[in-house]
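Below is the file my_file.txt, which contains compact mmCIF, C-alpha atoms.
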```txt
# COMPACT_ATOMS: atom_id res chain seq x y z
CA MET A 1062 0.00 0.00 0.00
CA CYS A 1063 1.18 3.53 -0.82
CA ILE A 1064 0.03 6.39 1.39
CA PHE A 1065 -0.26 9.88 -0.06
CA VAL A 1066 0.76 12.63 2.35
CA PHE A 1067 -0.70 16.11 1.97
CA GLY A 1068 1.75 18.40 0.22
CA MET A 1069 3.82 15.58 -1.32
CA SER A 1070 3.64 14.56 -4.98
CA ALA A 1071 4.96 11.05 -4.36
CA PRO A 1072 3.42 8.40 -2.09
CA VAL A 1073 5.11 7.26 1.11
CA ARG A 1074 5.67 3.52 1.28
CA ILE A 1075 6.29 1.32 4.31
CA MET A 1076 8.84 -1.47 4.53
CA GLY A 1077 8.16 -4.09 7.21
CA ILE A 1078 11.13 -5.73 8.95
CA VAL A 1079 11.15 -9.54 9.13
CA ASN A 1080 14.24 -10.91 10.88
CA LEU A 1081 15.27 -14.48 10.13
CA THR A 1082 17.79 -14.32 12.97
CA GLY A 1083 18.03 -15.14 16.62
CA ASP A 1084 19.92 -12.05 17.75
CA SER A 1085 18.38 -8.99 16.11
CA PHE A 1086 18.01 -6.19 18.65
CA TYR A 1087 14.18 -6.19 18.61
CA PRO A 1088 13.02 -9.67 19.76
CA PRO A 1089 9.41 -9.51 18.42
CA SER A 1090 10.79 -9.26 14.87
CA ARG A 1091 12.74 -12.54 15.15
CA MET A 1092 11.22 -15.41 13.19
CA LEU A 1093 13.46 -18.31 14.25
CA GLY A 1094 12.37 -20.90 16.78
CA ALA A 1095 14.32 -22.09 19.83
CA ASP A 1096 16.17 -24.66 17.69
CA GLY A 1097 17.33 -22.00 15.22
CA SER A 1098 14.99 -23.06 12.42
CA LEU A 1099 12.22 -20.98 10.86
CA ASP A 1100 8.99 -20.75 12.84
CA ARG A 1101 6.94 -21.15 9.67
CA GLY A 1102 3.56 -20.30 11.13
CA ARG A 1103 4.82 -17.21 12.93
CA PHE A 1104 6.72 -16.08 9.84
CA LEU A 1105 3.73 -16.37 7.52
CA ALA A 1106 1.45 -14.71 10.06
CA ARG A 1107 3.81 -11.73 10.41
CA CYS A 1108 4.17 -11.32 6.65
CA ARG A 1109 0.42 -11.50 6.09
CA GLN A 1110 -0.28 -9.08 8.92
CA MET A 1111 2.25 -6.55 7.62
CA ALA A 1112 0.80 -6.76 4.13
CA ALA A 1113 -2.72 -6.31 5.49
CA GLU A 1114 -1.56 -3.28 7.50
CA GLY A 1115 -0.21 -1.58 4.40
CA ALA A 1116 3.40 -2.69 3.87
CA SER A 1117 4.71 -2.15 0.35
CA TYR A 1118 7.79 -4.26 1.12
CA LEU A 1119 8.56 -7.24 3.35
CA ASP A 1120 12.28 -6.99 4.16
CA LEU A 1121 13.73 -10.41 5.05
CA GLY A 1122 17.10 -10.36 6.78
CA ALA A 1123 18.99 -13.50 7.81
CA CYS A 1124 22.22 -11.92 9.04
CA SER A 1125 22.07 -9.43 11.91
CA THR A 1126 23.68 -6.07 11.12
CA ARG A 1127 23.16 -4.36 14.47
CA PRO A 1128 26.24 -2.52 15.81
CA GLY A 1129 28.73 -4.98 17.29
CA SER A 1130 27.24 -8.01 15.54
CA GLU A 1131 29.32 -10.57 13.68
CA PRO A 1132 28.07 -11.92 10.34
CA VAL A 1133 27.08 -15.55 9.92
CA SER A 1134 28.52 -17.56 7.04
CA GLU A 1135 26.94 -17.34 3.60
CA ALA A 1136 25.86 -20.96 3.93
CA GLU A 1137 24.06 -20.25 7.22
CA GLU A 1138 22.48 -17.12 5.81
CA TRP A 1139 21.07 -19.11 2.90
CA ASN A 1140 19.90 -21.91 5.21
CA ARG A 1141 17.78 -19.30 6.99
CA ILE A 1142 16.43 -17.62 3.87
CA ALA A 1143 15.60 -20.70 1.80
CA PRO A 1144 12.81 -22.03 4.10
CA ALA A 1145 11.22 -18.57 4.21
CA LEU A 1146 11.19 -18.34 0.42
CA GLU A 1147 9.70 -21.83 0.21
CA ALA A 1148 6.99 -20.89 2.70
CA LEU A 1149 6.05 -17.79 0.73
CA THR A 1150 6.12 -19.61 -2.60
CA SER A 1151 3.95 -22.49 -1.46
CA GLU A 1152 1.55 -20.77 0.97
CA ALA A 1153 1.54 -17.04 0.24
CA PRO A 1154 2.67 -16.45 -3.36
CA GLU A 1155 0.63 -13.25 -3.45
CA LEU A 1156 3.23 -11.72 -1.11
CA LEU A 1157 6.25 -12.41 -3.36
CA PRO A 1158 5.88 -9.08 -5.25
CA LEU A 1159 6.54 -7.36 -1.90
CA LEU A 1160 9.81 -9.23 -1.32
CA SER A 1161 12.92 -7.36 -0.21
CA VAL A 1162 16.03 -9.16 1.04
CA ASP A 1163 18.45 -7.51 3.47
CA THR A 1164 21.86 -8.96 2.54
CA PHE A 1165 25.35 -7.75 1.68
CA ARG A 1166 26.31 -10.86 -0.31
CA GLY A 1167 26.08 -11.14 -4.07
CA GLY A 1168 25.86 -14.92 -3.84
CA ILE A 1169 22.69 -14.65 -1.75
CA VAL A 1170 21.22 -12.22 -4.28
CA ARG A 1171 21.83 -14.67 -7.11
CA ARG A 1172 20.33 -17.62 -5.19
CA VAL A 1173 17.22 -15.70 -4.18
CA PHE A 1174 16.72 -14.59 -7.79
CA ASP A 1175 17.13 -18.15 -9.04
CA THR A 1176 14.50 -19.26 -6.50
CA VAL A 1177 11.77 -16.63 -6.77
CA GLY A 1178 12.73 -14.18 -9.50
CA PRO A 1179 13.02 -10.37 -9.16
CA PHE A 1180 13.01 -8.68 -5.73
CA LEU A 1181 14.39 -5.59 -4.00
CA VAL A 1182 17.99 -5.87 -2.75
CA ASN A 1183 18.60 -4.03 0.54
CA ASP A 1184 22.37 -3.79 1.09
CA ILE A 1185 23.80 -2.07 4.17
CA SER A 1186 27.32 -2.02 2.69
CA LEU A 1187 26.82 -0.53 -0.77
CA GLY A 1188 28.95 -3.35 -2.15
CA GLN A 1189 31.87 -2.81 0.20
CA LEU A 1190 31.57 -6.12 2.06
CA ASP A 1191 31.33 -8.34 -1.02
CA ALA A 1192 32.87 -7.55 -4.40
CA ASP A 1193 30.16 -9.59 -6.13
CA MET A 1194 27.22 -7.57 -4.79
CA LEU A 1195 27.07 -4.76 -7.34
CA PRO A 1196 27.91 -7.02 -10.31
CA ALA A 1197 25.09 -9.34 -9.24
CA VAL A 1198 22.57 -6.50 -8.96
CA SER A 1199 23.67 -5.13 -12.33
CA ALA A 1200 23.61 -8.48 -14.11
CA LEU A 1201 20.14 -9.34 -12.81
CA GLY A 1202 18.69 -5.85 -13.29
CA LEU A 1203 17.36 -5.68 -9.73
CA PRO A 1204 16.23 -2.60 -7.79
CA TYR A 1205 18.75 -1.76 -5.09
CA VAL A 1206 18.81 0.07 -1.75
CA ALA A 1207 22.17 1.83 -1.46
CA MET A 1208 22.95 2.59 2.19
CA HIS A 1209 25.75 4.66 3.72
CA MET A 1210 27.93 2.85 6.23
CA ARG A 1211 31.53 2.96 7.39
CA GLY A 1212 33.49 -0.12 8.37
CA THR A 1213 31.60 -3.27 9.34
CA PRO A 1214 28.85 -3.90 11.91
CA SER A 1215 31.52 -4.97 14.43
CA THR A 1216 33.67 -1.83 13.97
CA MET A 1217 31.40 1.01 12.85
CA ASP A 1218 30.80 2.44 16.34
CA THR A 1219 34.40 3.74 16.26
CA LEU A 1220 34.04 5.49 12.88
CA CYS A 1221 31.71 8.40 13.66
CA ASP A 1222 34.07 11.32 12.94
CA TYR A 1223 32.92 13.24 9.85
CA GLY A 1224 34.91 16.40 10.45
CA GLY A 1225 31.87 18.28 11.70
CA ASP A 1226 29.83 17.82 8.49
CA VAL A 1227 28.06 14.48 8.43
CA VAL A 1228 25.58 15.65 5.79
CA GLY A 1229 28.35 16.77 3.44
CA ALA A 1230 30.29 13.55 3.94
CA VAL A 1231 27.27 11.32 3.27
CA HIS A 1232 26.29 13.43 0.25
CA ALA A 1233 29.79 13.08 -1.21
CA TYR A 1234 29.59 9.33 -0.65
CA PHE A 1235 26.44 9.10 -2.75
CA GLU A 1236 27.92 11.36 -5.43
CA GLY A 1237 30.57 8.68 -5.88
CA PHE A 1238 28.02 5.89 -5.89
CA ALA A 1239 25.80 7.66 -8.42
CA GLU A 1240 28.71 7.71 -10.86
CA LEU A 1241 29.52 4.06 -10.18
CA ALA A 1242 25.89 3.00 -10.56
CA LEU A 1243 25.66 4.78 -13.91
CA ALA A 1244 28.83 3.08 -15.13
CA MET A 1245 27.58 -0.35 -14.00
CA GLY A 1246 24.07 0.02 -15.36
CA ILE A 1247 22.37 0.05 -11.95
CA ASN A 1248 19.52 2.39 -12.83
CA ASP A 1249 16.88 1.64 -10.20
CA TRP A 1250 18.35 2.53 -6.82
CA ILE A 1251 17.09 3.96 -3.54
CA LEU A 1252 19.14 6.22 -1.25
CA ASP A 1253 19.42 5.32 2.45
CA PRO A 1254 21.60 7.65 4.60
CA GLY A 1255 22.15 4.81 7.08
CA LEU A 1256 20.89 6.16 10.39
CA GLY A 1257 22.67 4.43 13.27
CA PHE A 1258 25.43 3.00 11.09
CA ALA A 1259 28.69 4.70 12.12
CA LYS A 1260 26.74 7.74 13.27
CA THR A 1261 25.91 9.14 16.69
CA PRO A 1262 22.30 9.95 17.61
CA GLU A 1263 23.13 13.64 17.16
CA GLN A 1264 24.49 13.03 13.67
CA CYS A 1265 21.41 10.98 12.79
CA LEU A 1266 19.15 13.81 13.91
CA GLU A 1267 21.14 16.27 11.81
CA LEU A 1268 20.71 14.03 8.77
CA LEU A 1269 16.96 13.95 9.34
CA GLN A 1270 16.75 17.71 9.83
CA ARG A 1271 18.69 18.29 6.59
CA LEU A 1272 17.33 15.35 4.62
CA SER A 1273 16.24 17.59 1.76
CA ALA A 1274 19.93 17.98 0.90
CA PHE A 1275 19.71 14.54 -0.74
CA LEU A 1276 16.74 15.31 -2.98
CA ASP A 1277 19.09 16.50 -5.72
CA PHE A 1278 19.90 12.87 -6.54
CA GLY A 1279 16.34 12.41 -7.74
CA ARG A 1280 16.07 9.07 -5.94
CA PRO A 1281 13.56 7.70 -3.45
CA ILE A 1282 14.91 8.13 0.07
CA LEU A 1283 14.55 5.30 2.58
CA ILE A 1284 14.74 5.99 6.30
CA GLY A 1285 15.29 3.19 8.81
CA LEU A 1286 15.18 4.52 12.36
CA SER A 1287 12.82 2.07 14.04
CA ARG A 1288 13.83 1.51 17.68
CA LYS A 1289 17.41 2.67 17.16
CA ARG A 1290 19.44 4.64 19.71
CA LEU A 1291 18.36 7.88 18.08
CA VAL A 1292 14.79 7.22 19.17
CA ARG A 1293 15.65 6.91 22.87
CA ALA A 1294 17.83 10.01 22.60
CA VAL A 1295 14.72 11.95 21.58
CA SER A 1296 12.34 10.53 24.20
CA GLU A 1297 11.89 7.56 26.52
CA ASP A 1298 8.39 7.27 25.08
CA ILE A 1299 9.42 5.15 22.09
CA ASP A 1300 6.17 5.34 20.16
CA THR A 1301 5.92 9.11 20.47
CA ALA A 1302 9.57 9.60 19.52
CA MET A 1303 9.32 7.38 16.46
CA ALA A 1304 6.19 9.17 15.28
CA ARG A 1305 7.91 12.55 15.59
CA LEU A 1306 11.02 11.33 13.78
CA HIS A 1307 9.05 9.65 11.01
CA ARG A 1308 7.10 12.85 10.42
CA LEU A 1309 10.38 14.79 10.32
CA ALA A 1310 11.76 12.32 7.77
CA VAL A 1311 8.70 12.55 5.52
CA ALA A 1312 8.73 16.35 5.74
CA GLY A 1313 12.35 16.24 4.54
CA GLY A 1314 11.55 14.08 1.53
CA ALA A 1315 11.64 10.46 2.71
CA SER A 1316 9.41 8.24 0.60
CA ILE A 1317 10.04 4.86 2.28
CA LEU A 1318 9.96 4.14 6.02
CA ARG A 1319 11.55 0.86 7.20
CA VAL A 1320 9.81 -0.16 10.42
CA HIS A 1321 9.05 -2.99 12.84
CA ASP A 1322 5.44 -1.87 13.37
CA VAL A 1323 3.66 -1.22 10.06
CA ALA A 1324 0.33 -0.24 11.62
CA ALA A 1325 1.96 2.39 13.84
CA ALA A 1326 3.85 3.88 10.88
CA ARG A 1327 0.66 4.03 8.82
CA ALA A 1328 -1.17 5.71 11.70
CA CYS A 1329 1.65 8.24 12.00
CA LEU A 1330 1.36 9.10 8.31
```

Any chance you could put this one into structure tokens?
Amino acid sequence: MCIFVFGMSAPVRIMGIVNLTGDSFYPPSRMLGADGSLDRGRFLARCRQMAAEGASYLDLGACSTRPGSEPVSEAEEWNRIAPALEALTSEAPELLPLLSVDTFRGGIVRRVFDTVGPFLVNDISLGQLDADMLPAVSALGLPYVAMHMRGTPSTMDTLCDYGGDVVGAVHAYFEGFAELALAMGINDWILDPGLGFAKTPEQCLELLQRLSAFLDFGRPILIGLSRKRLVRAVSEDIDTAMARLHRLAVAGGASILRVHDVAAARACL
């Protein structure tokens, strides 16, 4: 579902988070059972509920990327994704057009495509963690979320110095990617400034307040702030803080909100 916001020419879409992990920072989003395998019923119920509540994307992630986390192997990542794809294909094929996969590995992108066809690739690393990521996206002609991040999930908390201009640094980063994407034939990409990834809460708030600085790329802007440290820095009332921050993001030009609670995001809009 796309939601039109007064004063905006483009609809705002909602991306629902579905974690195929056992250690993501928000436990209700985890879809693995106690034995580490997919809780099929819970997974399908969450996907169906999010779609019914207005999600335009269902973002499946099988490798935690929270600060300080260590990646699982590619084999383990695929072992978590494959049962979820099978469940959707066999029991909820109507949801496959909403599929987004949160991965930084080109090999995973290729295997998902071979299994279900086209989908949205959501990459936290902008190709920096796997040299095959961008070639895979280009070869398959897939839409791509390009996110700003420094370092790796286990090191990025130490890389928050942007010389006093986080907006300028992130903008320059995407200037470089825009040129690379053009050269590689990646034409359908979404800009994500990467809130919480190698950025302090104060820097994240500055990015939100100056989000319109990224409109010159002419790309949809995705904002993922759900339950991150920035939210608690604004208010201990999580729901109120997220609503305020989401409204700030949309006012600045965000057209996709990545959230744990689709109904709450829709109500906010």

### Message
Between A:Leu1099, A:Val1228, A:Leu1081, A:Ala1106, which residue has the minimum interatomic distance to Ser1125 of chain A, considering all atoms listed in the file?
### Response
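Between A:Leu1099, A:Val1228, A:Leu1081, A:Ala1106, the residue approaching Ser1125 of chain A most closely is A:Leu1081.
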
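Here atom CA of Pro1281 of chain A stands at a distance of 26.4 Å from atom CA of Arg1293 of chain A.
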
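Straight-line separation from atom CA of Lys1289 of chain A to atom CA of Thr1126 of chain A: 12.3 Å.
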
Which polymer residues have any atom within 12 Å of an atom of Met1245 of chain A, counting only C-alpha atoms, with same-chain residues fewer than 4 positions away left out, as a PDB file with C-alpha atoms, in the frame of the given file?
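Wrote selection.pdb, looks like this:
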```pdb
ATOM      1  CA  MET A1194      27.220  -7.570  -4.790  1.00  0.00           C
ATOM      2  CA  LEU A1195      27.070  -4.760  -7.340  1.00  0.00           C
ATOM      3  CA  PRO A1196      27.910  -7.020 -10.310  1.00  0.00           C
ATOM      4  CA  ALA A1197      25.090  -9.340  -9.240  1.00  0.00           C
ATOM      5  CA  VAL A1198      22.570  -6.500  -8.960  1.00  0.00           C
ATOM      6  CA  SER A1199      23.670  -5.130 -12.330  1.00  0.00           C
ATOM      7  CA  ALA A1200      23.610  -8.480 -14.110  1.00  0.00           C
ATOM      8  CA  LEU A1201      20.140  -9.340 -12.810  1.00  0.00           C
ATOM      9  CA  GLY A1202      18.690  -5.850 -13.290  1.00  0.00           C
ATOM     10  CA  PHE A1238      28.020   5.890  -5.890  1.00  0.00           C
ATOM     11  CA  ALA A1239      25.800   7.660  -8.420  1.00  0.00           C
ATOM     12  CA  GLU A1240      28.710   7.710 -10.860  1.00  0.00           C
ATOM     13  CA  LEU A1241      29.520   4.060 -10.180  1.00  0.00           C
ATOM     14  CA  ASP A1249      16.880   1.640 -10.200  1.00  0.00           C
TER      15      ASP A1249
END
```

### Query
In Å, how far is it from atom CA of Glu1267 of chain A to atom CA of Val1227 of chain A?
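Those two atoms sit 7.9 Å apart.
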
### Task
Please provide as a ChimeraX atom specification all residues within 9 Å of Ala1304 of chain A, with the sequence filter that same-chain residues fewer than 2 positions apart are discarded (counting only C-alpha atoms).
/A:1299-1302,1306-1309,1325-1326,1328-1330

Please dump the current selection as a short mmCIF file (atom, residue, chain, number, x, y, z; two decimals), keeping the file's coordinate frame; keep C-alpha atoms.
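Result saved to again_0.cif:
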```
data_model
loop_
_atom_site.label_atom_id
_atom_site.label_comp_id
_atom_site.auth_asym_id
_atom_site.auth_seq_id
_atom_site.Cartn_x
_atom_site.Cartn_y
_atom_site.Cartn_z
CA ILE A 1299 9.42 5.15 22.09
CA ASP A 1300 6.17 5.34 20.16
CA THR A 1301 5.92 9.11 20.47
CA ALA A 1302 9.57 9.60 19.52
CA LEU A 1306 11.02 11.33 13.78
CA HIS A 1307 9.05 9.65 11.01
CA ARG A 1308 7.10 12.85 10.42
CA LEU A 1309 10.38 14.79 10.32
CA ALA A 1325 1.96 2.39 13.84
CA ALA A 1326 3.85 3.88 10.88
CA ALA A 1328 -1.17 5.71 11.70
CA CYS A 1329 1.65 8.24 12.00
CA LEU A 1330 1.36 9.10 8.31
#
```

Please build the interface table for segment 1085-1135 of chain A against segment 1167-1183 of chain A with a cut-off of 12 Å, listing for each qualifying residue the nearest atom pair and the distance in Å to one decimal; count only C-alpha atoms, order rows by chain and increasing number, and write it as a tab-separated table.
```
residue	atom	partner	partner_atom	distance
A:Ser1117	CA	A:Leu1181	CA	11.2
A:Tyr1118	CA	A:Leu1181	CA	8.5
A:Leu1119	CA	A:Leu1181	CA	9.5
A:Asp1120	CA	A:Asn1183	CA	7.9
A:Leu1121	CA	A:Asn1183	CA	9.2
A:Gly1122	CA	A:Asn1183	CA	9.0
A:Ala1123	CA	A:Ile1169	CA	10.3
A:Cys1124	CA	A:Ile1169	CA	11.1
A:Thr1126	CA	A:Asn1183	CA	11.9
A:Ser1134	CA	A:Ile1169	CA	10.9
A:Glu1135	CA	A:Ile1169	CA	7.3
```

### Query
Hey, which of A:Val1292, A:Ala1315, A:Ala1259, A:Leu1105 ends up closest to Leu1157 of chain A? Count only C-alpha atoms.
A:Leu1105

Would you write out, as JSON lines, a table of all residues in segment 1193-1257 of chain A that have an atom no more than 10 Å from an atom of segment 1317-1324 of chain A, listing for each the closest atom pair and the distance in Å to one decimal, considering all atoms listed in the file and ordering rows by chain and rising residue number?
```
{"residue": "A:Ile1251", "atom": "CA", "partner": "A:Ile1317", "partner_atom": "CA", "distance": 9.2}
{"residue": "A:Leu1252", "atom": "CA", "partner": "A:Ile1317", "partner_atom": "CA", "distance": 9.9}
{"residue": "A:Asp1253", "atom": "CA", "partner": "A:Ile1317", "partner_atom": "CA", "distance": 9.4}
```

Around segment 1303-1309 of chain A, fit a box with edges along x, y and z, padding it by 5 Å on each side, then list its centre and edge lengths in Å to one decimal as JSON.
```
{"center_x": 8.6, "center_y": 11.1, "center_z": 13.4, "size_x": 14.8, "size_y": 17.4, "size_z": 16.1}
```

#### Entry: A:Cys1265, A:Val1133, A:Val1231, A:Ala1153 ranked by distance to Arg1166 of chain A, top pick (using all atoms listed in the file)
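When distances to Arg1166 of chain A are compared using all atoms listed in the file, the smallest one comes from A:Val1133.
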
### Task
Identify which of the residues A:Ser1287, A:Gln1270, A:Ser1296, A:Ser1151 lies closest to Val1311 of chain A, counting only C-alpha atoms when measuring atom-to-atom distances.
A:Gln1270

### Message
For a quick check of understanding, using all atoms listed in the file, which of A:Met1208, A:Leu1160, A:Val1079, A:Ile1247 has the smallest distance to Arg1103 of chain A?
### Response
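For Arg1103 of chain A, the nearest of the given residues is A:Val1079.
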